[in-house]
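The data block below is final_3.cif; it holds mmCIF, C-alpha atoms and all ligand atoms.
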```cif
data_upload
loop_
_atom_site.label_atom_id
_atom_site.label_comp_id
_atom_site.auth_asym_id
_atom_site.auth_seq_id
_atom_site.Cartn_x
_atom_site.Cartn_y
_atom_site.Cartn_z
CA MET A 1 -9.93 -14.36 -14.35
CA ASN A 2 -11.98 -13.22 -11.35
CA PRO A 3 -10.52 -10.20 -9.56
CA PHE A 4 -9.00 -10.97 -6.14
CA ILE A 5 -10.75 -7.91 -4.68
CA LYS A 6 -13.89 -6.35 -6.14
CA VAL A 7 -15.46 -3.31 -4.52
CA CYS A 8 -18.88 -2.06 -5.70
CA GLY A 9 -20.57 1.18 -4.62
CA LEU A 10 -18.86 1.23 -1.23
CA THR A 11 -20.05 3.89 1.21
CA TYR A 12 -19.03 4.49 4.81
CA SER A 13 -19.53 7.26 7.39
CA TYR A 14 -18.15 7.72 10.89
CA ASP A 15 -21.20 8.97 12.80
CA ASP A 16 -19.86 12.40 13.74
CA GLU A 17 -17.82 12.95 10.52
CA ALA A 18 -20.88 12.47 8.30
CA VAL A 19 -22.51 15.42 10.08
CA VAL A 20 -19.40 17.62 9.75
CA LYS A 21 -18.74 16.77 6.08
CA LYS A 22 -22.41 16.36 5.10
CA HIS A 23 -21.47 13.30 3.07
CA ALA A 24 -19.87 9.92 3.58
CA VAL A 25 -16.14 9.52 4.25
CA ILE A 26 -16.12 6.78 1.57
CA ASN A 27 -18.51 7.83 -1.13
CA ASN A 28 -19.74 5.27 -3.71
CA VAL A 29 -16.31 3.78 -4.41
CA SER A 30 -15.87 0.93 -6.93
CA PHE A 31 -12.71 -0.80 -8.24
CA GLU A 32 -11.17 -4.21 -8.87
CA ILE A 33 -7.73 -5.56 -7.98
CA ASN A 34 -6.28 -8.72 -9.50
CA GLU A 35 -4.06 -11.21 -7.73
CA GLY A 36 -0.40 -10.13 -8.03
CA ASP A 37 -1.22 -6.45 -8.69
CA PHE A 38 0.82 -3.66 -7.12
CA VAL A 39 -1.57 -0.77 -6.56
CA ALA A 40 -0.84 2.51 -4.80
CA VAL A 41 -3.73 4.41 -3.21
CA LEU A 42 -2.78 8.06 -3.26
CA GLY A 43 -4.57 10.95 -1.63
CA HIS A 44 -4.27 13.98 0.58
CA ASN A 45 -4.74 13.63 4.37
CA GLY A 46 -8.36 12.88 5.20
CA SER A 47 -9.28 11.67 1.69
CA GLY A 48 -10.43 8.30 3.07
CA LYS A 49 -7.47 6.01 2.27
CA SER A 50 -7.13 4.44 5.74
CA THR A 51 -10.87 4.02 6.08
CA LEU A 52 -10.91 2.16 2.76
CA ALA A 53 -8.08 -0.12 3.96
CA LYS A 54 -9.97 -0.89 7.19
CA LEU A 55 -13.09 -1.76 5.20
CA LEU A 56 -11.10 -4.18 3.00
CA ASN A 57 -9.62 -5.86 6.08
CA MET A 58 -13.04 -6.07 7.82
CA ILE A 59 -11.99 -3.81 10.68
CA LEU A 60 -14.93 -1.60 9.64
CA VAL A 61 -18.30 -2.61 8.17
CA PRO A 62 -19.63 -0.54 5.21
CA ASP A 63 -22.93 1.34 5.34
CA SER A 64 -23.71 0.14 1.82
CA GLY A 65 -22.03 -1.49 -1.16
CA GLU A 66 -20.24 -4.81 -1.52
CA ILE A 67 -16.68 -6.08 -1.14
CA TYR A 68 -15.79 -9.42 -2.72
CA VAL A 69 -12.52 -11.11 -1.75
CA ASN A 70 -11.69 -14.09 -3.90
CA GLY A 71 -15.31 -14.17 -5.08
CA LYS A 72 -16.78 -14.14 -1.55
CA ASN A 73 -19.00 -11.26 -0.47
CA ILE A 74 -17.41 -10.24 2.85
CA CYS A 75 -20.27 -7.83 3.64
CA ASP A 76 -22.75 -10.69 3.68
CA ASP A 77 -24.51 -11.21 7.04
CA SER A 78 -23.90 -14.95 6.74
CA MET A 79 -20.11 -14.51 7.22
CA THR A 80 -19.05 -16.73 10.14
CA ASP A 81 -16.16 -15.99 12.56
CA GLU A 82 -14.14 -18.58 10.62
CA ASP A 83 -14.84 -16.77 7.33
CA ILE A 84 -13.73 -13.48 8.89
CA LEU A 85 -10.51 -15.09 10.18
CA GLU A 86 -9.90 -16.47 6.70
CA ILE A 87 -10.22 -12.97 5.19
CA ARG A 88 -7.90 -11.44 7.82
CA LYS A 89 -5.39 -14.25 7.08
CA SER A 90 -5.49 -13.59 3.36
CA ILE A 91 -5.25 -9.77 3.63
CA GLY A 92 -2.54 -8.66 6.06
CA MET A 93 -2.07 -5.05 7.13
CA VAL A 94 1.09 -3.14 7.97
CA PHE A 95 0.44 0.18 9.71
CA GLN A 96 2.31 3.45 10.04
CA ASN A 97 4.01 3.18 13.41
CA PRO A 98 6.28 0.13 13.76
CA ASP A 99 6.42 0.59 17.57
CA ASN A 100 2.69 -0.13 17.81
CA GLN A 101 3.03 -3.39 15.88
CA LEU A 102 5.90 -5.11 17.67
CA VAL A 103 4.84 -7.16 20.67
CA ALA A 104 7.76 -9.40 21.70
CA THR A 105 11.19 -8.63 23.17
CA ILE A 106 13.13 -10.70 20.57
CA VAL A 107 12.75 -10.21 16.81
CA GLU A 108 12.08 -13.86 15.93
CA ASP A 109 9.46 -14.20 18.70
CA ASP A 110 7.74 -11.17 17.30
CA VAL A 111 7.59 -12.62 13.81
CA ALA A 112 6.30 -15.92 15.26
CA PHE A 113 3.45 -14.20 17.13
CA GLY A 114 1.00 -14.12 14.19
CA PRO A 115 1.42 -17.74 13.05
CA GLU A 116 1.30 -18.91 16.71
CA ASN A 117 -2.10 -17.26 17.04
CA LEU A 118 -3.24 -19.07 13.91
CA GLY A 119 -2.38 -22.40 15.58
CA ILE A 120 0.36 -23.32 13.09
CA PRO A 121 2.54 -26.32 14.22
CA SER A 122 5.86 -25.20 15.78
CA GLU A 123 8.20 -26.75 13.12
CA GLU A 124 6.30 -24.91 10.44
CA ILE A 125 6.43 -21.67 12.45
CA ARG A 126 10.24 -22.02 12.62
CA ALA A 127 10.45 -22.31 8.84
CA ARG A 128 8.00 -19.46 8.26
CA VAL A 129 9.88 -17.12 10.64
CA ASP A 130 13.24 -17.89 8.98
CA ASN A 131 11.80 -17.36 5.50
CA ALA A 132 9.95 -14.18 6.43
CA LEU A 133 13.07 -12.61 8.00
CA LYS A 134 15.04 -13.57 4.89
CA ASP A 135 12.41 -11.99 2.63
CA VAL A 136 12.87 -8.61 4.35
CA GLY A 137 16.66 -8.93 4.73
CA MET A 138 16.54 -9.14 8.54
CA SER A 139 17.82 -12.71 9.19
CA GLU A 140 20.93 -11.52 11.00
CA PHE A 141 18.75 -9.63 13.51
CA ALA A 142 16.65 -12.68 14.51
CA HIS A 143 17.98 -12.64 18.10
CA HIS A 144 18.07 -8.87 18.52
CA GLU A 145 15.72 -6.78 20.65
CA PRO A 146 13.25 -4.92 18.38
CA HIS A 147 13.41 -1.66 20.36
CA ARG A 148 17.14 -1.33 19.55
CA LEU A 149 16.54 -1.43 15.78
CA SER A 150 16.20 1.58 13.46
CA GLY A 151 12.71 2.62 12.29
CA GLY A 152 13.18 0.98 8.88
CA GLN A 153 14.43 -2.24 10.47
CA LYS A 154 11.50 -2.31 12.92
CA GLN A 155 9.05 -1.82 10.06
CA ARG A 156 10.70 -4.68 8.14
CA VAL A 157 10.26 -6.92 11.22
CA ALA A 158 6.59 -5.89 11.32
CA ILE A 159 6.31 -6.84 7.63
CA ALA A 160 8.02 -10.20 8.35
CA GLY A 161 5.37 -10.82 11.05
CA ILE A 162 2.67 -10.37 8.42
CA ILE A 163 4.48 -12.46 5.77
CA ALA A 164 4.82 -15.31 8.30
CA MET A 165 1.02 -15.59 8.24
CA MET A 166 1.29 -16.15 4.47
CA PRO A 167 -1.27 -13.62 3.25
CA ARG A 168 -2.12 -13.37 -0.45
CA CYS A 169 -2.38 -9.62 -0.19
CA ILE A 170 -0.76 -7.01 2.07
CA ILE A 171 -2.14 -3.51 2.62
CA PHE A 172 0.58 -1.06 3.64
CA ASP A 173 -1.12 1.89 5.34
CA GLU A 174 1.41 4.76 5.14
CA SER A 175 4.02 2.24 6.31
CA THR A 176 6.95 4.48 5.42
CA ALA A 177 5.50 7.75 6.74
CA MET A 178 7.35 7.70 10.08
CA LEU A 179 10.70 6.59 8.65
CA ASP A 180 13.81 8.52 7.63
CA PRO A 181 14.82 8.41 3.92
CA VAL A 182 17.06 5.36 4.45
CA GLY A 183 14.30 3.47 6.29
CA ARG A 184 11.77 4.41 3.62
CA LYS A 185 14.02 3.08 0.90
CA GLU A 186 14.61 -0.20 2.77
CA VAL A 187 10.90 -0.73 3.31
CA MET A 188 9.98 0.23 -0.29
CA ASN A 189 12.53 -2.25 -1.61
CA SER A 190 11.06 -4.99 0.60
CA ILE A 191 7.53 -4.17 -0.59
CA ILE A 192 8.57 -4.29 -4.26
CA ARG A 193 10.43 -7.59 -3.75
CA LEU A 194 7.40 -9.20 -2.07
CA ASN A 195 5.27 -8.26 -5.04
CA LYS A 196 7.67 -9.04 -7.87
CA GLU A 197 9.36 -12.16 -6.45
CA LYS A 198 6.64 -13.69 -4.24
CA GLY A 199 3.60 -12.57 -6.23
CA ILE A 200 1.94 -11.06 -3.14
CA THR A 201 -0.77 -8.56 -4.09
CA VAL A 202 0.21 -5.16 -2.72
CA ILE A 203 -2.08 -2.25 -1.89
CA MET A 204 0.16 0.59 -0.78
CA ILE A 205 -1.46 3.65 0.77
CA THR A 206 0.80 6.65 0.55
CA HIS A 207 0.95 10.38 0.02
CA TYR A 208 4.53 10.25 -1.33
CA MET A 209 4.49 10.73 -5.11
CA GLU A 210 7.86 9.05 -5.64
CA GLU A 211 6.61 5.91 -3.86
CA ALA A 212 3.31 5.81 -5.72
CA ALA A 213 5.25 6.13 -8.99
CA ARG A 214 6.84 2.73 -8.31
CA ALA A 215 3.48 0.92 -8.33
CA ASP A 216 2.00 -0.58 -11.50
CA ARG A 217 -1.27 1.29 -10.97
CA ILE A 218 -2.37 4.27 -8.90
CA ILE A 219 -5.84 4.93 -7.51
CA VAL A 220 -6.17 8.60 -6.54
CA MET A 221 -8.71 9.46 -3.84
CA ASN A 222 -10.11 12.84 -2.97
CA ASP A 223 -12.78 13.54 -0.37
CA GLY A 224 -13.94 9.92 -0.22
CA SER A 225 -14.15 9.31 -3.98
CA ILE A 226 -11.83 7.90 -6.64
CA ILE A 227 -10.88 10.70 -9.03
CA LEU A 228 -8.23 8.93 -11.12
CA ASP A 229 -7.27 5.29 -11.67
CA GLY A 230 -4.53 4.14 -14.05
CA VAL A 231 -0.83 3.57 -14.70
CA PRO A 232 1.53 6.12 -13.08
CA SER A 233 2.43 7.88 -16.36
CA TYR A 234 -1.29 8.49 -17.03
CA ILE A 235 -1.94 9.69 -13.47
CA PHE A 236 0.92 12.20 -13.52
CA GLU A 237 -0.25 13.69 -16.83
CA ASN A 238 -3.12 15.14 -14.75
CA GLU A 239 -0.95 17.62 -12.89
CA SER A 240 -3.57 20.35 -12.46
CA LEU A 241 -6.23 17.96 -11.13
CA LEU A 242 -3.70 16.50 -8.69
CA LYS A 243 -2.72 19.98 -7.53
CA GLU A 244 -6.40 20.88 -6.97
CA CYS A 245 -6.53 17.89 -4.61
CA GLY A 246 -3.47 19.04 -2.67
CA LEU A 247 -1.14 16.58 -4.42
CA SER A 248 1.88 17.18 -6.61
CA VAL A 249 3.70 15.08 -9.22
CA PRO A 250 7.16 13.50 -8.84
CA GLN A 251 9.97 16.01 -9.45
CA CYS A 252 11.10 14.28 -12.65
CA THR A 253 7.55 14.40 -14.06
CA GLU A 254 7.42 18.09 -13.20
CA LEU A 255 10.65 18.55 -15.18
CA VAL A 256 9.06 16.90 -18.25
CA HIS A 257 6.03 19.21 -17.94
CA ARG A 258 8.25 22.32 -17.63
CA LEU A 259 10.28 21.24 -20.68
CA ARG A 260 7.01 20.88 -22.60
CA GLU A 261 6.08 24.46 -21.70
CA HIS A 262 9.35 25.51 -23.35
CA GLY A 263 8.56 23.63 -26.53
CA ILE A 264 10.61 20.54 -25.77
CA CYS A 265 8.00 17.80 -26.14
CA LEU A 266 8.88 14.40 -24.80
CA ASP A 267 6.62 11.38 -25.50
CA LYS A 268 5.00 11.18 -22.07
CA ALA A 269 5.47 12.23 -18.46
CA GLY A 270 8.32 10.16 -17.03
CA VAL A 271 7.73 8.79 -13.58
CA SER A 272 11.25 7.79 -12.61
CA ILE A 273 14.62 9.51 -12.96
CA GLU A 274 15.81 6.72 -15.28
CA GLU A 275 12.74 7.04 -17.53
CA CYS A 276 13.13 10.83 -17.69
CA ALA A 277 16.83 10.61 -18.47
CA ASP A 278 16.12 8.09 -21.27
CA MET A 279 13.45 10.31 -22.82
CA ILE A 280 15.63 13.43 -22.70
CA LEU A 281 18.53 11.51 -24.24
CA LYS A 282 16.25 10.15 -26.99
CA HIS A 283 15.00 13.67 -27.71
CA ILE A 284 18.54 15.07 -27.95
CA THR A 285 19.77 12.29 -30.28
CA GLU A 286 16.67 12.52 -32.50
CA ASP A 287 17.16 16.29 -32.77
CA LYS A 288 20.66 15.98 -34.20
P1 LIG B 301 -6.65 9.32 5.08
O1 LIG B 301 -6.17 7.93 5.40
O2 LIG B 301 -6.75 9.57 3.62
O3 LIG B 301 -5.85 10.38 5.78
P2 LIG B 301 -8.91 8.68 6.75
O4 LIG B 301 -9.58 7.49 6.18
O5 LIG B 301 -8.02 8.48 7.93
O6 LIG B 301 -8.15 9.47 5.59
O7 LIG B 301 -10.01 9.77 7.16
C1 LIG B 301 -11.05 10.16 6.30
C2 LIG B 301 -12.00 11.07 7.07
O8 LIG B 301 -12.58 10.33 8.13
C3 LIG B 301 -11.31 12.27 7.70
O9 LIG B 301 -12.18 13.39 7.59
C4 LIG B 301 -11.15 11.88 9.15
O10 LIG B 301 -11.21 13.00 9.98
C5 LIG B 301 -12.35 10.97 9.38
N1 LIG B 301 -12.08 9.92 10.38
C6 LIG B 301 -11.08 9.01 10.33
N2 LIG B 301 -11.15 8.19 11.40
C7 LIG B 301 -12.22 8.60 12.13
C8 LIG B 301 -12.83 8.16 13.34
N3 LIG B 301 -12.36 7.10 14.01
N4 LIG B 301 -13.93 8.82 13.78
C9 LIG B 301 -14.44 9.89 13.11
N5 LIG B 301 -13.91 10.34 11.97
C10 LIG B 301 -12.82 9.72 11.47
#
```
Could you take the file, read its structure, and then write that structure out as structure tokens?
Ligand code: ADP
Amino acid sequence: MNPFIKVCGLTYSYDDEAVVKKHAVINNVSFEINEGDFVAVLGHNGSGKSTLAKLLNMILVPDSGEIYVNGKNICDDSMTDEDILEIRKSIGMVFQNPDNQLVATIVEDDVAFGPENLGIPSEEIRARVDNALKDVGMSEFAHHEPHRLSGGQKQRVAIAGIIAMMPRCIIFDESTAMLDPVGRKEVMNSIIRLNKEKGITVIMITHYMEEAARADRIIVMNDGSIILDGVPSYIFENESLLKECGLSVPQCTELVHRLREHGICLDKAGVSIEECADMILKHITEDK
């Protein structure tokens, strides 16, 4: 199976930043993402996560390296405007601040905005808007004014607006960062549902460990390079490397590491509370 996204030797500099940092903001980055994957991109502030997302969505053009989407080299000079539109349609982006992404005064008009711009026939737009609002659990707010909604609800409307354009992949760029814990949970649940139930490929940029732990794979970035890439339990085994990069591990993983220091060795670093509880229980029963 061909990967949905393939990135080879990607390098990018903002003119002034390259002088300050003396090297590129994205520095020889390579990875592959398959259709249906749920990948978190984790990294400290300034590690290059947003820049990488903008390169994948063709908002920025790399200095060198290649990006293939569905087998097509999107860095190729022969890309036409239609090709670029096709890429933007297949990879949607949800940003950090929901207020900057909502354009209409009624929720359903907002969700319809994207498909309207794609020239979709109006009956189909109606169906897409209804389905998208259902997917994020916001159907009952279809006739509400977006500015009266909570942060989490606004962000779910923004996600519905992207889903209505039927992308194959959605990049969430710190989409929960401005939300309260309830809003973050709502949005995380919507993201997971889109991936697991609709098969949409998810690339979720975050600096929250607990959120990254819910992905199937984590790519860790530091200073423009990938320093770790693997399943969450593998990533969180590397506690000291993560700490060197200004990152931590989820609290439950930290607990497993501390238990290890006291001679209580569990199989692996748990990434969720449930996993940790199961491992501790198993250890206790085996000990008896
Ligand atoms: P992250 O998303 O991990 O916080 P970014 O991709 O936003 O990282 O930023 C990576 C580096 O690029 C940082 O040093 C940042 O200051 C710099 N940078 C980001 N955007 C710009 C810009 N528009 N112009 C110049 N430098 C930028």
Restricting the calculation to all atoms listed in the file: of A:Val69, A:Ala160, A:Val182, A:Asn97, which residue gets closest to Asp109 (chain A)?
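Comparing A:Val69, A:Ala160, A:Val182, A:Asn97 against Asp109 (chain A), the winner is A:Ala160.
Checking A:Val25, A:Cys252, A:Leu242, A:Ile162 one by one against ligand LIG 301 (chain B), counting only C-alpha atoms and all ligand atoms, you find the shortest gap at A:Val25.
Going from CA of Ala212 (chain A) to atom O7 of ligand LIG 301 (chain B) covers 18.9 Å.
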Per residue of chain A within 12 Å of ligand LIG 301 (chain B), what are the shortest atom pair and its distance in Å to one decimal, counting all atoms listed in the file, with rows by chain and residue number, as a tab-separated table?
```
residue	atom	partner	partner_atom	distance
A:Tyr12	CA	B:LIG301	O8	9.3
A:Ser13	CA	B:LIG301	O8	7.6
A:Tyr14	CA	B:LIG301	C9	4.8
A:Asp15	CA	B:LIG301	C9	6.8
A:Asp16	CA	B:LIG301	C9	6.0
A:Glu17	CA	B:LIG301	N5	4.9
A:Ala18	CA	B:LIG301	N5	8.2
A:Val19	CA	B:LIG301	N5	10.2
A:Val20	CA	B:LIG301	O9	8.6
A:Lys21	CA	B:LIG301	O9	7.5
A:Lys22	CA	B:LIG301	O9	10.9
A:His23	CA	B:LIG301	O9	10.3
A:Ala24	CA	B:LIG301	O8	8.6
A:Val25	CA	B:LIG301	C2	5.2
A:Ile26	CA	B:LIG301	C1	7.7
A:Asn27	CA	B:LIG301	C1	10.8
A:Val41	CA	B:LIG301	O2	9.1
A:Leu42	CA	B:LIG301	O2	8.1
A:Gly43	CA	B:LIG301	O2	5.8
A:His44	CA	B:LIG301	O2	5.9
A:Asn45	CA	B:LIG301	O3	3.7
A:Gly46	CA	B:LIG301	O6	3.4
A:Ser47	CA	B:LIG301	O2	3.8
A:Gly48	CA	B:LIG301	O4	3.3
A:Lys49	CA	B:LIG301	O2	3.9
A:Ser50	CA	B:LIG301	O1	3.6
A:Thr51	CA	B:LIG301	O4	3.7
A:Leu52	CA	B:LIG301	O4	6.5
A:Ala53	CA	B:LIG301	O4	8.1
A:Lys54	CA	B:LIG301	O4	8.4
A:Leu55	CA	B:LIG301	O4	9.9
A:Ile59	CA	B:LIG301	N3	11.4
A:Leu60	CA	B:LIG301	N3	10.1
A:Phe95	CA	B:LIG301	O1	11.1
A:Gln96	CA	B:LIG301	O1	10.7
A:Phe172	CA	B:LIG301	O1	11.4
A:Asp173	CA	B:LIG301	O1	7.9
A:Glu174	CA	B:LIG301	O1	8.2
A:Ser175	CA	B:LIG301	O1	11.7
A:Ala177	CA	B:LIG301	O3	11.7
A:Met204	CA	B:LIG301	O1	11.5
A:Ile205	CA	B:LIG301	O1	7.9
A:Thr206	CA	B:LIG301	O1	8.6
A:His207	CA	B:LIG301	O2	8.5
A:Val220	CA	B:LIG301	O2	10.2
A:Met221	CA	B:LIG301	O2	7.7
A:Asn222	CA	B:LIG301	O2	8.1
A:Asp223	CA	B:LIG301	C1	7.7
A:Gly224	CA	B:LIG301	C1	7.1
A:Ser225	CA	B:LIG301	O2	10.6
A:Ile226	CA	B:LIG301	O2	11.6
A:Cys245	CA	B:LIG301	O2	11.7
A:Gly246	CA	B:LIG301	O2	11.8
```
Name all residues at most 9 Å from Leu102 (chain A) (count all atoms listed in the file; drop same-chain ones fewer than 3 positions away) and give them as number ranges by chain.
A: 98-99, 105, 107, 110-111, 146-147, 154-155, 157-158, 161
Of the listed residues A:Gly114, A:Pro3, A:Gly71, A:Pro167, that which approaches Lys198 (chain A) most closely, counting all atoms listed in the file
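That would be A:Pro167, the residue with the smallest distance to Lys198 (chain A).
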Of the residues A:Ala142, A:Val256, A:Leu56, A:Met209, which is the one nearest to Ile170 (chain A), using only C-alpha atoms?
A:Leu56
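Comparing the minimum interatomic distances between Ile87 (chain A) and each of A:Ile163, A:Gly151, A:Arg168, A:Glu35, counting all atoms listed in the file, we find that A:Arg168 sits nearest.
Residues of protein, DNA and RNA with at least one atom no farther than 10 Å from (10.3, 11.9, -8.7) are, using only C-alpha atoms, Tyr208, Met209, Glu210, Glu211, Ala212, Ala213, Arg214, Val249, Pro250, Gln251, Cys252, Thr253, Glu254, Leu255, Gly270, Val271, Ser272, Ile273 and Cys276 of chain A.
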Contacts of Ala164 (chain A) within 10 Å, only C-alpha atoms, excl. fewer than 2 positions in-chain, as a list in words:
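So the residues in contact are Val111, Ala112, Phe113, Gly114, Pro115, Glu116, Glu124, Ile125, Arg126, Ala127, Arg128, Val129, Asp130, Asn131, Ala132, Leu133, Ile159, Ala160, Gly161, Ile162, Met166 and Pro167 of chain A.
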Between CA of Asn70 (chain A) and CA of Asn28 (chain A), distance in Å (one decimal)
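Between these atoms lies a distance of 21.0 Å.
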One decimal, in Å: what's the spacing between CA of Tyr68 (chain A) and CA of Ala215 (chain A)?
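CA of Ala215 (chain A) lies 22.6 Å from CA of Tyr68 (chain A).
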Best match for closeness to Lys6 (chain A) among A:Ser64, A:Ser233, A:Asn73, A:Asn57, counting only C-alpha atoms:
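Answer, going by the shortest atom-to-atom distance: A:Asn73.
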Complete the atom set of region 92-110 of chain A to N, CA, C and O atoms and return it as an mmCIF file, in the frame of the given file.
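Generated file (selection_32.cif):
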```
data_model
loop_
_atom_site.group_PDB
_atom_site.id
_atom_site.type_symbol
_atom_site.label_atom_id
_atom_site.label_comp_id
_atom_site.auth_asym_id
_atom_site.auth_seq_id
_atom_site.Cartn_x
_atom_site.Cartn_y
_atom_site.Cartn_z
ATOM 1 N N GLY A 92 -3.261 -9.165 4.892
ATOM 2 C CA GLY A 92 -2.540 -8.660 6.060
ATOM 3 C C GLY A 92 -2.425 -7.145 5.981
ATOM 4 O O GLY A 92 -2.523 -6.562 4.895
ATOM 5 N N MET A 93 -2.238 -6.515 7.137
ATOM 6 C CA MET A 93 -2.070 -5.050 7.130
ATOM 7 C C MET A 93 -0.813 -4.644 7.875
ATOM 8 O O MET A 93 -0.529 -5.169 8.951
ATOM 9 N N VAL A 94 -0.071 -3.719 7.296
ATOM 10 C CA VAL A 94 1.090 -3.140 7.970
ATOM 11 C C VAL A 94 0.770 -1.658 8.160
ATOM 12 O O VAL A 94 0.426 -0.970 7.198
ATOM 13 N N PHE A 95 0.858 -1.186 9.406
ATOM 14 C CA PHE A 95 0.440 0.180 9.710
ATOM 15 C C PHE A 95 1.621 1.147 9.708
ATOM 16 O O PHE A 95 2.758 0.786 9.391
ATOM 17 N N GLN A 96 1.317 2.382 10.137
ATOM 18 C CA GLN A 96 2.310 3.450 10.040
ATOM 19 C C GLN A 96 3.427 3.336 11.079
ATOM 20 O O GLN A 96 4.596 3.462 10.742
ATOM 21 N N ASN A 97 3.033 3.097 12.335
ATOM 22 C CA ASN A 97 4.010 3.180 13.410
ATOM 23 C C ASN A 97 4.524 1.785 13.787
ATOM 24 O O ASN A 97 3.795 0.998 14.374
ATOM 25 N N PRO A 98 5.793 1.477 13.466
ATOM 26 C CA PRO A 98 6.280 0.130 13.760
ATOM 27 C C PRO A 98 6.239 -0.188 15.258
ATOM 28 O O PRO A 98 6.004 -1.329 15.649
ATOM 29 N N ASP A 99 6.408 0.845 16.112
ATOM 30 C CA ASP A 99 6.420 0.590 17.570
ATOM 31 C C ASP A 99 5.087 0.034 18.067
ATOM 32 O O ASP A 99 5.041 -0.672 19.058
ATOM 33 N N ASN A 100 4.004 0.365 17.373
ATOM 34 C CA ASN A 100 2.690 -0.130 17.810
ATOM 35 C C ASN A 100 2.430 -1.552 17.324
ATOM 36 O O ASN A 100 1.427 -2.152 17.673
ATOM 37 N N GLN A 101 3.315 -2.081 16.476
ATOM 38 C CA GLN A 101 3.030 -3.390 15.880
ATOM 39 C C GLN A 101 3.929 -4.494 16.418
ATOM 40 O O GLN A 101 3.712 -5.665 16.145
ATOM 41 N N LEU A 102 4.975 -4.095 17.162
ATOM 42 C CA LEU A 102 5.900 -5.110 17.670
ATOM 43 C C LEU A 102 5.511 -5.454 19.103
ATOM 44 O O LEU A 102 5.309 -4.568 19.926
ATOM 45 N N VAL A 103 5.386 -6.760 19.367
ATOM 46 C CA VAL A 103 4.840 -7.160 20.670
ATOM 47 C C VAL A 103 5.841 -7.925 21.532
ATOM 48 O O VAL A 103 5.710 -7.954 22.756
ATOM 49 N N ALA A 104 6.860 -8.549 20.925
ATOM 50 C CA ALA A 104 7.760 -9.400 21.700
ATOM 51 C C ALA A 104 9.096 -8.696 21.949
ATOM 52 O O ALA A 104 9.373 -7.632 21.389
ATOM 53 N N THR A 105 9.925 -9.289 22.807
ATOM 54 C CA THR A 105 11.190 -8.630 23.170
ATOM 55 C C THR A 105 12.352 -9.138 22.298
ATOM 56 O O THR A 105 13.453 -8.606 22.371
ATOM 57 N N ILE A 106 12.109 -10.191 21.500
ATOM 58 C CA ILE A 106 13.130 -10.700 20.570
ATOM 59 C C ILE A 106 12.495 -10.740 19.177
ATOM 60 O O ILE A 106 11.343 -11.150 19.025
ATOM 61 N N VAL A 107 13.277 -10.333 18.175
ATOM 62 C CA VAL A 107 12.750 -10.210 16.810
ATOM 63 C C VAL A 107 12.036 -11.485 16.349
ATOM 64 O O VAL A 107 10.889 -11.450 15.881
ATOM 65 N N GLU A 108 12.691 -12.652 16.501
ATOM 66 C CA GLU A 108 12.080 -13.860 15.930
ATOM 67 C C GLU A 108 10.783 -14.251 16.668
ATOM 68 O O GLU A 108 9.872 -14.803 16.055
ATOM 69 N N ASP A 109 10.703 -13.912 17.968
ATOM 70 C CA ASP A 109 9.460 -14.200 18.700
ATOM 71 C C ASP A 109 8.338 -13.306 18.178
ATOM 72 O O ASP A 109 7.179 -13.703 18.110
ATOM 73 N N ASP A 110 8.738 -12.096 17.822
ATOM 74 C CA ASP A 110 7.740 -11.170 17.300
ATOM 75 C C ASP A 110 7.150 -11.671 15.988
ATOM 76 O O ASP A 110 5.936 -11.652 15.773
#
```
